[in-house]
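What's in model.cif: mmCIF, C-alpha atoms and all ligand atoms
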```cif
data_target
#
loop_
_atom_site.label_atom_id
_atom_site.label_comp_id
_atom_site.auth_asym_id
_atom_site.auth_seq_id
_atom_site.Cartn_x
_atom_site.Cartn_y
_atom_site.Cartn_z
CA MET S 1 -63.30 -42.94 36.41
CA THR S 2 -65.09 -40.52 34.07
CA ALA S 3 -62.80 -38.45 31.86
CA LEU S 4 -64.39 -35.02 31.58
CA LEU S 5 -63.28 -34.52 27.98
CA ASP S 6 -65.72 -37.24 26.98
CA LEU S 7 -68.64 -35.08 28.14
CA SER S 8 -70.61 -32.32 26.47
CA LEU S 9 -71.15 -29.16 28.52
CA THR S 10 -74.69 -30.32 29.40
CA GLU S 11 -73.40 -33.71 30.57
CA LEU S 12 -70.63 -32.05 32.58
CA LYS S 13 -73.21 -29.86 34.32
CA GLN S 14 -75.16 -32.97 35.37
CA GLN S 15 -72.03 -34.63 36.73
CA ILE S 16 -71.03 -31.50 38.67
CA GLU S 17 -74.46 -31.30 40.26
CA GLU S 18 -74.28 -34.98 41.13
CA ILE S 19 -71.21 -34.35 43.28
CA GLY S 20 -73.14 -31.58 45.06
CA GLU S 21 -71.71 -28.53 43.28
CA LYS S 22 -73.45 -25.61 41.56
CA GLY S 23 -74.19 -26.16 37.88
CA PHE S 24 -72.64 -22.85 36.79
CA ARG S 25 -69.23 -24.25 37.73
CA ALA S 26 -69.51 -26.48 34.68
CA GLY S 27 -68.97 -23.52 32.32
CA GLN S 28 -65.82 -22.48 34.18
CA ILE S 29 -64.48 -26.02 34.21
CA TYR S 30 -65.29 -26.49 30.53
CA ALA S 31 -63.28 -23.41 29.60
CA TRP S 32 -60.26 -24.74 31.48
CA LEU S 33 -60.68 -28.18 29.92
CA THR S 34 -60.72 -26.64 26.45
CA ALA S 35 -57.46 -24.86 27.26
CA CYS S 36 -55.96 -28.17 28.48
CA VAL S 37 -55.41 -26.96 32.04
CA PRO S 38 -55.20 -29.59 34.85
CA PHE S 39 -57.66 -29.44 37.79
CA GLU S 40 -54.96 -28.17 40.15
CA GLN S 41 -54.46 -25.03 38.03
CA MET S 42 -58.14 -24.09 37.53
CA SER S 43 -57.56 -20.87 39.42
CA ASN S 44 -61.13 -19.59 39.68
CA LEU S 45 -62.22 -22.72 41.56
CA SER S 46 -61.74 -23.20 45.30
CA LYS S 47 -59.08 -25.64 46.47
CA PRO S 48 -61.66 -28.04 47.95
CA LEU S 49 -63.52 -28.12 44.61
CA ARG S 50 -60.31 -28.78 42.69
CA GLU S 51 -59.56 -31.65 45.08
CA LYS S 52 -63.06 -32.99 44.70
CA LEU S 53 -62.70 -32.98 40.92
CA ARG S 54 -59.47 -34.94 41.22
CA GLU S 55 -61.18 -37.44 43.49
CA HIS S 56 -64.09 -38.11 41.12
CA PHE S 57 -62.78 -37.47 37.63
CA SER S 58 -59.82 -37.32 35.30
CA GLU S 59 -59.41 -34.59 32.66
CA GLY S 60 -58.71 -37.01 29.82
CA TYR S 61 -55.91 -35.10 28.08
CA PRO S 62 -53.07 -36.93 26.37
CA GLU S 63 -49.51 -35.94 27.30
CA ILE S 64 -46.83 -34.98 24.78
CA LEU S 65 -44.28 -37.78 24.61
CA GLN S 66 -42.29 -36.45 21.68
CA LYS S 67 -42.50 -33.46 19.36
CA LEU S 68 -40.64 -33.24 16.08
CA CYS S 69 -40.40 -30.04 14.06
CA SER S 70 -39.75 -30.18 10.33
CA LYS S 71 -37.82 -27.60 8.36
CA ASP S 72 -41.05 -26.79 6.49
CA GLY S 73 -42.90 -25.93 9.73
CA THR S 74 -44.76 -29.23 10.02
CA LYS S 75 -44.87 -30.56 13.57
CA LYS S 76 -45.39 -34.14 14.51
CA TYR S 77 -46.60 -35.05 17.99
CA LEU S 78 -46.42 -38.42 19.66
CA LEU S 79 -49.11 -38.35 22.35
CA GLN S 80 -49.64 -40.67 25.25
CA MET S 81 -53.08 -41.57 26.56
CA ALA S 82 -53.90 -42.33 30.21
CA ASP S 83 -53.36 -46.08 29.66
CA GLU S 84 -49.99 -45.37 27.99
CA SER S 85 -51.30 -46.06 24.49
CA VAL S 86 -49.44 -43.96 21.96
CA VAL S 87 -50.97 -42.09 19.03
CA GLU S 88 -49.61 -39.49 16.68
CA CYS S 89 -50.86 -36.33 15.09
CA VAL S 90 -49.39 -33.95 12.55
CA LEU S 91 -49.75 -30.19 12.38
CA MET S 92 -49.42 -28.63 8.94
CA ASN S 93 -49.22 -24.93 8.13
CA TYR S 94 -51.06 -23.72 5.07
CA GLU S 95 -51.69 -20.19 3.83
CA TYR S 96 -55.25 -20.37 5.09
CA GLY S 97 -54.48 -21.72 8.55
CA ARG S 98 -53.26 -24.62 10.62
CA THR S 99 -54.51 -28.11 9.94
CA LEU S 100 -54.17 -30.90 12.48
CA CYS S 101 -54.29 -34.52 11.34
CA ILE S 102 -55.50 -36.70 14.21
CA SER S 103 -55.86 -40.40 15.01
CA THR S 104 -59.13 -42.18 15.76
CA GLN S 105 -57.83 -45.57 16.89
CA VAL S 106 -54.72 -47.01 18.51
CA GLY S 107 -53.38 -48.94 15.54
CA CYS S 108 -55.69 -50.03 12.73
CA ALA S 109 -57.41 -53.24 11.70
CA MET S 110 -57.76 -52.48 7.99
CA GLY S 111 -54.46 -53.96 6.83
CA CYS S 112 -53.77 -51.71 3.79
CA ALA S 113 -50.52 -52.94 2.31
CA PHE S 114 -48.83 -49.52 1.92
CA CYS S 115 -49.76 -48.06 5.32
CA ALA S 116 -47.54 -48.02 8.42
CA SER S 117 -50.48 -47.44 10.81
CA THR S 118 -51.79 -50.94 10.46
CA LYS S 119 -48.53 -52.84 11.01
CA GLY S 120 -49.23 -53.78 14.64
CA GLY S 121 -52.98 -54.30 14.08
CA LEU S 122 -55.71 -52.61 16.08
CA ARG S 123 -55.01 -52.17 19.80
CA ARG S 124 -58.19 -50.33 20.74
CA ASN S 125 -60.60 -47.56 19.83
CA LEU S 126 -60.07 -44.04 21.11
CA SER S 127 -62.94 -42.39 22.99
CA ALA S 128 -64.57 -39.15 21.79
CA GLY S 129 -62.67 -37.26 24.49
CA GLU S 130 -59.36 -38.85 23.52
CA ILE S 131 -59.89 -37.75 19.93
CA LEU S 132 -60.78 -34.23 21.07
CA GLY S 133 -57.87 -34.27 23.53
CA GLN S 134 -55.38 -34.46 20.66
CA VAL S 135 -56.73 -31.22 19.20
CA LEU S 136 -56.83 -29.49 22.59
CA ARG S 137 -53.33 -30.61 23.56
CA VAL S 138 -51.72 -29.43 20.34
CA ASN S 139 -53.79 -26.23 20.35
CA ALA S 140 -52.55 -25.45 23.86
CA ASP S 141 -48.99 -26.23 22.81
CA LEU S 142 -49.21 -23.65 20.01
CA GLY S 143 -49.94 -20.87 22.48
CA SER S 144 -52.56 -18.17 22.29
CA GLY S 145 -53.52 -16.61 18.98
CA ARG S 146 -52.18 -19.52 16.96
CA ASN S 147 -55.20 -21.76 16.87
CA ILE S 148 -55.84 -24.88 14.87
CA THR S 149 -58.30 -23.90 12.13
CA ASN S 150 -58.88 -27.26 10.42
CA VAL S 151 -58.96 -30.87 11.52
CA VAL S 152 -58.55 -33.91 9.31
CA LEU S 153 -59.36 -37.40 10.57
CA MET S 154 -56.62 -38.97 8.51
CA GLY S 155 -54.17 -40.18 11.12
CA THR S 156 -53.99 -43.71 12.48
CA GLY S 157 -57.19 -45.74 12.44
CA GLU S 158 -60.39 -46.08 10.45
CA PRO S 159 -62.74 -43.32 11.63
CA LEU S 160 -65.90 -45.09 10.50
CA GLY S 161 -64.68 -48.26 12.26
CA ASN S 162 -64.95 -46.29 15.53
CA TYR S 163 -68.22 -44.71 14.53
CA ASP S 164 -69.83 -43.63 17.82
CA ALA S 165 -66.70 -42.06 19.27
CA VAL S 166 -65.95 -40.21 16.03
CA VAL S 167 -69.46 -38.80 15.71
CA GLY S 168 -69.33 -37.99 19.44
CA PHE S 169 -66.07 -36.10 18.84
CA LEU S 170 -67.61 -34.08 15.98
CA ARG S 171 -70.51 -33.09 18.21
CA LEU S 172 -68.11 -32.10 21.02
CA ILE S 173 -65.72 -29.98 18.98
CA ARG S 174 -68.49 -27.97 17.31
CA GLN S 175 -69.99 -26.79 20.64
CA LYS S 176 -69.34 -23.08 20.96
CA GLU S 177 -67.99 -23.60 24.51
CA SER S 178 -65.45 -26.06 23.09
CA LEU S 179 -63.53 -24.99 19.96
CA GLY S 180 -66.76 -24.08 18.13
CA MET S 181 -65.33 -25.60 14.99
CA SER S 182 -67.47 -25.61 11.87
CA MET S 183 -67.96 -28.95 10.14
CA ARG S 184 -66.83 -27.16 6.98
CA ASN S 185 -63.35 -27.20 8.50
CA ILE S 186 -63.32 -30.92 9.22
CA SER S 187 -62.52 -33.75 6.81
CA LEU S 188 -62.99 -37.43 7.51
CA SER S 189 -61.18 -40.05 5.47
CA THR S 190 -62.41 -43.62 5.19
CA CYS S 191 -61.13 -46.71 3.42
CA GLY S 192 -64.77 -47.32 2.38
CA LEU S 193 -67.06 -48.89 5.01
CA VAL S 194 -70.27 -48.73 2.99
CA PRO S 195 -72.99 -49.07 5.67
CA GLU S 196 -71.25 -46.48 7.85
CA ILE S 197 -70.96 -44.02 4.93
CA TYR S 198 -74.78 -44.11 4.57
CA ARG S 199 -75.19 -43.82 8.32
CA PHE S 200 -72.82 -40.86 8.40
CA ALA S 201 -74.81 -39.18 5.62
CA GLU S 202 -77.98 -39.57 7.71
CA GLU S 203 -76.22 -37.96 10.68
CA GLY S 204 -76.39 -34.71 8.73
CA LEU S 205 -73.21 -33.25 10.19
CA GLY S 206 -71.80 -32.14 6.84
CA ALA S 207 -68.10 -32.78 7.32
CA THR S 208 -66.10 -33.26 4.12
CA LEU S 209 -65.95 -36.95 3.28
CA CYS S 210 -62.83 -38.41 1.67
CA LEU S 211 -62.44 -41.92 0.32
CA SER S 212 -59.12 -43.69 0.12
CA LEU S 213 -59.56 -44.96 -3.42
CA HIS S 214 -56.02 -45.71 -4.61
CA SER S 215 -57.26 -47.71 -7.59
CA ALA S 216 -60.39 -47.60 -9.73
CA ILE S 217 -59.74 -51.17 -10.83
CA GLN S 218 -61.45 -53.61 -8.47
CA GLN S 219 -58.82 -56.34 -8.68
CA LYS S 220 -55.94 -53.95 -8.12
CA ARG S 221 -57.69 -52.27 -5.21
CA GLU S 222 -58.21 -55.67 -3.60
CA GLN S 223 -54.50 -56.34 -3.82
CA ILE S 224 -53.58 -53.33 -1.70
CA MET S 225 -56.74 -52.82 0.41
CA PRO S 226 -58.32 -55.93 1.99
CA ILE S 227 -61.57 -53.99 2.69
CA ALA S 228 -62.17 -53.81 -1.07
CA ARG S 229 -63.09 -57.52 -1.04
CA LYS S 230 -65.94 -56.80 1.37
CA TYR S 231 -67.22 -53.65 -0.33
CA PRO S 232 -66.71 -53.59 -4.11
CA LEU S 233 -65.96 -50.30 -5.85
CA ARG S 234 -69.40 -49.91 -7.38
CA GLN S 235 -71.03 -49.96 -3.94
CA VAL S 236 -68.45 -47.63 -2.41
CA ILE S 237 -68.77 -45.02 -5.15
CA GLN S 238 -72.56 -45.19 -4.89
CA ALA S 239 -72.35 -44.58 -1.14
CA MET S 240 -70.00 -41.62 -1.67
CA GLN S 241 -72.40 -40.10 -4.21
CA ALA S 242 -75.27 -40.58 -1.78
CA TYR S 243 -73.21 -38.68 0.81
CA SER S 244 -72.52 -35.93 -1.69
CA GLU S 245 -76.20 -35.56 -2.55
CA LYS S 246 -77.37 -35.65 1.03
CA SER S 247 -74.75 -33.18 2.32
CA GLY S 248 -74.57 -30.99 -0.78
CA ARG S 249 -70.79 -31.21 -0.50
CA ARG S 250 -68.26 -32.29 -3.04
CA VAL S 251 -66.59 -35.53 -1.95
CA ILE S 252 -62.86 -36.16 -2.21
CA TYR S 253 -61.14 -39.23 -3.61
CA GLU S 254 -57.64 -39.76 -2.29
CA TYR S 255 -55.33 -41.53 -4.66
CA ILE S 256 -51.86 -42.54 -3.48
CA LEU S 257 -49.74 -42.67 -6.56
CA ILE S 258 -47.46 -45.69 -6.38
CA ALA S 259 -44.78 -45.98 -9.07
CA GLY S 260 -45.48 -48.80 -11.52
CA LEU S 261 -48.60 -49.95 -9.69
CA ASN S 262 -51.50 -47.56 -10.24
CA ASP S 263 -50.02 -44.82 -12.41
CA GLY S 264 -50.67 -46.08 -15.96
CA LYS S 265 -53.12 -45.29 -18.78
CA GLU S 266 -55.45 -48.13 -17.75
CA ASP S 267 -55.63 -46.57 -14.27
CA LEU S 268 -56.57 -43.18 -15.73
CA ASP S 269 -59.22 -44.74 -17.95
CA ALA S 270 -60.71 -46.64 -15.02
CA LEU S 271 -60.88 -43.44 -12.99
CA GLU S 272 -62.68 -41.69 -15.81
CA GLN S 273 -65.11 -44.55 -16.05
CA ILE S 274 -66.14 -44.59 -12.40
CA LEU S 275 -65.83 -40.88 -11.52
CA GLY S 276 -66.61 -39.06 -14.77
CA GLY S 277 -69.38 -36.49 -14.42
CA GLN S 278 -69.59 -36.71 -10.64
CA ASN S 279 -69.41 -33.93 -8.04
CA CYS S 280 -66.00 -34.89 -6.73
CA HIS S 281 -62.33 -33.97 -6.56
CA ILE S 282 -59.27 -36.20 -6.70
CA ASN S 283 -56.41 -35.64 -4.31
CA LEU S 284 -53.22 -37.19 -5.65
CA ILE S 285 -50.80 -38.22 -2.93
CA PRO S 286 -47.27 -39.23 -3.97
CA CYS S 287 -46.71 -42.47 -2.07
CA ASN S 288 -44.60 -42.17 1.01
CA ALA S 289 -42.42 -45.26 0.81
CA THR S 290 -42.78 -47.09 4.14
CA ASP S 291 -42.13 -50.44 2.63
CA GLY S 292 -39.80 -51.54 -0.16
CA ARG S 293 -42.72 -52.83 -2.25
CA PHE S 294 -44.32 -49.43 -2.70
CA ALA S 295 -42.15 -46.87 -4.41
CA ALA S 296 -42.68 -43.12 -4.56
CA PRO S 297 -43.28 -41.77 -8.07
CA THR S 298 -41.03 -39.09 -9.55
CA LYS S 299 -42.35 -35.54 -9.83
CA GLY S 300 -42.62 -36.10 -13.59
CA GLN S 301 -44.79 -39.20 -13.12
CA VAL S 302 -47.07 -37.34 -10.71
CA TYR S 303 -47.60 -34.41 -13.07
CA ARG S 304 -48.10 -36.69 -16.09
CA PHE S 305 -50.85 -38.49 -14.16
CA LEU S 306 -52.39 -35.16 -13.17
CA ALA S 307 -52.39 -34.06 -16.81
CA GLY S 308 -54.08 -37.36 -17.73
CA LEU S 309 -56.87 -36.69 -15.23
CA ASP S 310 -57.25 -33.16 -16.56
CA GLU S 311 -57.56 -34.44 -20.14
CA ARG S 312 -60.38 -36.70 -18.95
CA GLY S 313 -62.22 -33.79 -17.34
CA LEU S 314 -61.55 -34.95 -13.78
CA SER S 315 -60.86 -32.27 -11.17
CA ALA S 316 -57.63 -33.08 -9.32
CA THR S 317 -54.74 -31.57 -7.38
CA VAL S 318 -51.52 -32.96 -5.95
CA ARG S 319 -51.28 -32.96 -2.19
CA ARG S 320 -48.19 -31.14 -1.00
CA THR S 321 -45.71 -33.43 0.71
CA LEU S 322 -44.88 -32.03 4.13
CA GLY S 323 -42.75 -33.23 6.98
CA GLU S 324 -40.75 -35.77 5.02
CA ASP S 325 -37.77 -35.29 7.32
CA ILE S 326 -39.85 -36.20 10.40
CA ASP S 327 -41.65 -39.42 9.38
CA GLY S 328 -44.64 -37.43 8.14
CA ALA S 329 -46.67 -40.24 6.62
CA CYS S 330 -49.50 -42.02 8.29
CA GLY S 331 -48.36 -43.95 11.32
CA GLN S 332 -44.66 -43.88 10.54
CA LEU S 333 -43.51 -42.17 13.71
CA ARG S 334 -45.61 -44.32 16.02
CA ALA S 335 -44.60 -47.47 14.15
CA ARG S 336 -40.94 -46.55 14.48
CA TYR S 337 -41.39 -45.71 18.16
CA LEU S 338 -42.98 -49.12 18.77
CA GLY S 339 -40.33 -50.91 16.68
CA LEU S 340 -42.82 -51.99 14.01
CA LEU S 341 -40.78 -50.63 11.09
CA ASP S 342 -37.31 -51.69 10.07
CA ARG S 343 -34.70 -49.01 10.57
CA THR S 344 -34.02 -49.00 6.86
CA GLU S 345 -37.62 -48.39 5.79
N1 LIG X 1 -58.44 -45.26 7.53
C1 LIG X 1 -58.70 -44.02 6.88
C2 LIG X 1 -57.92 -42.84 7.43
C3 LIG X 1 -56.46 -43.04 7.70
S1 LIG X 1 -55.39 -43.12 6.32
C4 LIG X 1 -58.49 -44.17 5.38
O1 LIG X 1 -58.12 -45.25 4.95
O2 LIG X 1 -58.75 -43.23 4.64
C5 LIG X 1 -55.29 -41.47 5.75
C6 LIG X 1 -54.70 -41.34 4.38
O3 LIG X 1 -53.30 -41.61 4.39
C7 LIG X 1 -55.34 -42.34 3.45
O4 LIG X 1 -55.69 -41.80 2.22
C8 LIG X 1 -54.23 -43.36 3.34
O5 LIG X 1 -54.44 -44.16 2.26
C9 LIG X 1 -53.00 -42.46 3.33
N2 LIG X 1 -51.73 -43.20 3.46
C10 LIG X 1 -51.50 -44.33 4.14
N3 LIG X 1 -50.25 -44.79 3.92
C11 LIG X 1 -49.67 -43.91 3.06
C12 LIG X 1 -48.39 -43.86 2.43
N4 LIG X 1 -47.46 -44.79 2.64
N5 LIG X 1 -48.15 -42.82 1.58
C13 LIG X 1 -49.10 -41.87 1.36
N6 LIG X 1 -50.31 -41.88 1.92
C14 LIG X 1 -50.61 -42.90 2.77
#
```

Please express the file's structure as structure tokens.
Amino acid sequence: MTALLDLSLTELKQQIEEIGEKGFRAGQIYAWLTACVPFEQMSNLSKPLREKLREHFSEGYPEILQKLCSKDGTKKYLLQMADESVVECVLMNYEYGRTLCISTQVGCAMGCAFCASTKGGLRRNLSAGEILGQVLRVNADLGSGRNITNVVLMGTGEPLGNYDAVVGFLRLIRQKESLGMSMRNISLSTCGLVPEIYRFAEEGLGATLCLSLHSAIQQKREQIMPIARKYPLRQVIQAMQAYSEKSGRRVIYEYILIAGLNDGKEDLDALEQILGGQNCHINLIPCNATDGRFAAPTKGQVYRFLAGLDERGLSATVRRTLGEDIDGACGQLRARYLGLLDRTE
């Protein structure tokens, strides 16, 4: 059964006409869909039409299974898809607006050693509508006048590993009849799938591209990120620079700082060597310890590393840690829900 959230307005119009209804109904239905309203409550449609919609289609929204609110205002949602798959997303409040971090896959195949999202492997890809549905569901939950302003594809899954659905999602969310979101307000994070980075550059959408770097030393990166064996650093950085040139946007390198692993002088020197002089910014993320092997750095260690980057002329900031009291880090809540993490972790 077709889930309407997977469709653009034009596609919805075609489907509505195919079931013998007037095309202008599509605009009305699309507005309800964007507000996350079920068919039965689409009050400007006749009852027979609402029943007909139910017969032929599903809406495609996820349901809220659990919602956790942190003391700092961060909210974490555990959402359930139609097939009972569970994904999570995190809402963060910043001065400039509300950012939602969403998932692109159920689980993840990438196997990064420090990440909770990949513990149960990849279950399946999400569809474009299921990715959009997360934004619409949380947006509706916030109530009117408190809209999500920014979206980051940094939840569970590798966005470029689910390429078509992710690009489909970006095209859906930017339609003015949907949330009309500018690509300037969307960031996509990848572990570094080189061919897909080039393909994404050609797409010309212009979202901010972030790379999970975590080490500028090839051997070290291989130890914590299996994908590094397939695509060596030199190739990944080249692809990121190609994206930057093509899009005219500064690219972001995410660097999880792990105590005693990637926080030394050699790590700073390696960063300078591969990123010096480039149009980029480094986002330092104090490691969220999901596993005994990867320890969070102290505040002092984080700021010493930041100073080291500054001395080397590299633009960098430390990402604020939000939602620590509610399993804020990547995949932690879902993993705990599914019993993939030890209670003590
Ligand atoms: N697969 C994509 C997007 C999901 S991960 C990618 O790899 O970029 C989103 C971000 O969360 C990445 O930078 C990832 O490395 C980071 N992350 C994963 N586990 C983390 C942890 N334990 N502590 C801090 N950040 C983590």

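Every residue having at least one atom no farther than 7 Å from ligand LIG 1 (chain X) is included below, with all atoms listed in the file taken into account: Phe114, Cys115, Ala116, Leu153, Met154, Gly155, Thr156, Gly157, Glu158, Pro159, Ser189, Thr190, Cys191, Cys210, Leu211, Ser212, Glu254, Tyr255, Ile256, Ile285, Pro286, Cys287, Asn288, Ala289, Thr290, Ala329 and Cys330 of chain S.
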
- Query: Using only C-alpha atoms, which residues sit within 10 Å of S:Gln301 once same-chain residues fewer than 2 positions away are excluded, as a list of chain:residue names?
  - Reply: S:Leu257, S:Ile258, S:Ala259, S:Gly260, S:Asp263, S:Gly264, S:Pro286, S:Ala296, S:Pro297, S:Thr298, S:Lys299, S:Tyr303, S:Arg304, S:Phe305, S:Leu306, S:Ala307

- Task: Do a neighbour search on stretch 219-222 of chain S at 10 Å with only C-alpha atoms, toss out local chain neighbours closer than 5 positions, and write the hits as a list in words.
- Result: Cys112, Leu213, His214, Ile227, Ala228, Arg229, Lys230, Tyr231, Pro232, Leu233, Leu261, Asn262 and Asp267 of chain S

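Between S:Cys280 and the candidates S:Leu7, S:Ile224, S:Leu209, S:Ala82, the tightest atom-to-atom separation, counting all atoms listed in the file, involves S:Leu209.
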
- Message: Quick check, in Å to one decimal: how far apart do atom CA of S:Gly145 and atom CA of S:Ile326 lie?
- Response: 25.4 Å

- Item | Exercise: S:Tyr163 partners within 12 Å, only C-alpha atoms, chain neighbours under 2 positions left out, as a ChimeraX atom specification | /S:104-105,125-128,157-161,165-170,188,190,193,195-200,203

- Message: Can you pull out the residues contacting S:Cys36? Cut-off 8 Å, using only C-alpha atoms, and skip same-chain residues under 3 positions away; I want them as a list in words.
- Response: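 My list of contacting residues is Trp32, Leu33, Tyr61, Leu136, Arg137 and Ala140 of chain S.
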
- Task: Quick one: pull the distance between atom CA of S:Arg234 and atom CA of S:Ser117, Å, one decimal.
- Result: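 Between atom CA of S:Arg234 and atom CA of S:Ser117 the gap is 26.4 Å.
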
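Going from atom CA of S:Met183 over to atom CA of S:Thr118, you cover 27.3 Å.
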
- Query: If we count only C-alpha atoms, what is near S:Ser178 at a cut-off of 8 Å, once residues fewer than 2 positions away on the same chain are taken out, given as a list in words?
  - Reply: Tyr30, Ala31, Thr34, Leu172, Ile173, Arg174, Gln175, Lys176 and Gly180 of chain S

- Query: Restricting the calculation to all atoms listed in the file, which member of S:Gln134, S:Thr149, S:Gln218, S:Ser58 is positioned closest to S:Glu88?
  - Reply: S:Gln134

- Select, from S:Leu284, S:Val138, S:Ile131, S:Ile102, the residue with the minimum atom-to-atom distance to S:Glu63, counting only C-alpha atoms. S:Val138

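Shortest atom-to-atom contact with S:Phe294 among S:Ala113, S:Pro38, S:Glu59, S:Val135: S:Ala113, counting only C-alpha atoms.
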
- Item | Nearest to S:Asp83, chosen from S:Asp141, S:Glu130, S:Glu51, S:Glu40, with only C-alpha atoms counted in the distances |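 Comparing S:Asp141, S:Glu130, S:Glu51, S:Glu40 against S:Asp83, the winner is S:Glu130.
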
Can you fill out stretch 206-223 of chain S with N, CA and C atoms and hand it back as a PDB file, in the frame of the given file?
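Output file rebuild.pdb is given in full below:
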```
ATOM      1  N   GLY S 206     -72.322 -32.948   7.943  1.00  0.00           N
ATOM      2  CA  GLY S 206     -71.800 -32.140   6.840  1.00  0.00           C
ATOM      3  C   GLY S 206     -70.297 -31.981   6.783  1.00  0.00           C
ATOM      4  N   ALA S 207     -69.556 -32.836   7.469  1.00  0.00           N
ATOM      5  CA  ALA S 207     -68.100 -32.780   7.320  1.00  0.00           C
ATOM      6  C   ALA S 207     -67.728 -33.212   5.892  1.00  0.00           C
ATOM      7  N   THR S 208     -66.557 -32.818   5.432  1.00  0.00           N
ATOM      8  CA  THR S 208     -66.100 -33.260   4.120  1.00  0.00           C
ATOM      9  C   THR S 208     -65.714 -34.735   4.192  1.00  0.00           C
ATOM     10  N   LEU S 209     -66.244 -35.514   3.266  1.00  0.00           N
ATOM     11  CA  LEU S 209     -65.950 -36.950   3.280  1.00  0.00           C
ATOM     12  C   LEU S 209     -64.925 -37.290   2.193  1.00  0.00           C
ATOM     13  N   CYS S 210     -63.890 -38.013   2.600  1.00  0.00           N
ATOM     14  CA  CYS S 210     -62.830 -38.410   1.670  1.00  0.00           C
ATOM     15  C   CYS S 210     -62.780 -39.938   1.629  1.00  0.00           C
ATOM     16  N   LEU S 211     -62.585 -40.469   0.449  1.00  0.00           N
ATOM     17  CA  LEU S 211     -62.440 -41.920   0.320  1.00  0.00           C
ATOM     18  C   LEU S 211     -61.025 -42.252  -0.132  1.00  0.00           C
ATOM     19  N   SER S 212     -60.406 -43.194   0.573  1.00  0.00           N
ATOM     20  CA  SER S 212     -59.120 -43.690   0.120  1.00  0.00           C
ATOM     21  C   SER S 212     -59.383 -44.655  -1.020  1.00  0.00           C
ATOM     22  N   LEU S 213     -59.213 -44.171  -2.239  1.00  0.00           N
ATOM     23  CA  LEU S 213     -59.560 -44.960  -3.420  1.00  0.00           C
ATOM     24  C   LEU S 213     -58.356 -45.796  -3.883  1.00  0.00           C
ATOM     25  N   HIS S 214     -57.316 -45.108  -4.261  1.00  0.00           N
ATOM     26  CA  HIS S 214     -56.020 -45.710  -4.610  1.00  0.00           C
ATOM     27  C   HIS S 214     -56.005 -46.589  -5.857  1.00  0.00           C
ATOM     28  N   SER S 215     -57.152 -47.103  -6.280  1.00  0.00           N
ATOM     29  CA  SER S 215     -57.260 -47.710  -7.590  1.00  0.00           C
ATOM     30  C   SER S 215     -58.732 -47.784  -7.964  1.00  0.00           C
ATOM     31  N   ALA S 216     -59.012 -47.504  -9.238  1.00  0.00           N
ATOM     32  CA  ALA S 216     -60.390 -47.600  -9.730  1.00  0.00           C
ATOM     33  C   ALA S 216     -60.610 -48.944 -10.400  1.00  0.00           C
ATOM     34  N   ILE S 217     -59.616 -49.819 -10.264  1.00  0.00           N
ATOM     35  CA  ILE S 217     -59.740 -51.170 -10.830  1.00  0.00           C
ATOM     36  C   ILE S 217     -59.923 -52.138  -9.648  1.00  0.00           C
ATOM     37  N   GLN S 218     -61.076 -52.788  -9.621  1.00  0.00           N
ATOM     38  CA  GLN S 218     -61.450 -53.610  -8.470  1.00  0.00           C
ATOM     39  C   GLN S 218     -60.350 -54.586  -8.036  1.00  0.00           C
ATOM     40  N   GLN S 219     -59.806 -55.310  -9.009  1.00  0.00           N
ATOM     41  CA  GLN S 219     -58.820 -56.340  -8.680  1.00  0.00           C
ATOM     42  C   GLN S 219     -57.558 -55.738  -8.050  1.00  0.00           C
ATOM     43  N   LYS S 220     -57.148 -54.618  -8.613  1.00  0.00           N
ATOM     44  CA  LYS S 220     -55.940 -53.950  -8.120  1.00  0.00           C
ATOM     45  C   LYS S 220     -56.165 -53.395  -6.726  1.00  0.00           C
ATOM     46  N   ARG S 221     -57.379 -52.845  -6.524  1.00  0.00           N
ATOM     47  CA  ARG S 221     -57.690 -52.270  -5.210  1.00  0.00           C
ATOM     48  C   ARG S 221     -57.684 -53.376  -4.151  1.00  0.00           C
ATOM     49  N   GLU S 222     -58.198 -54.531  -4.527  1.00  0.00           N
ATOM     50  CA  GLU S 222     -58.210 -55.670  -3.600  1.00  0.00           C
ATOM     51  C   GLU S 222     -56.812 -56.082  -3.185  1.00  0.00           C
ATOM     52  N   GLN S 223     -55.881 -55.946  -4.122  1.00  0.00           N
ATOM     53  CA  GLN S 223     -54.500 -56.340  -3.820  1.00  0.00           C
ATOM     54  C   GLN S 223     -53.873 -55.487  -2.724  1.00  0.00           C
TER      55      GLN S 223
END
```
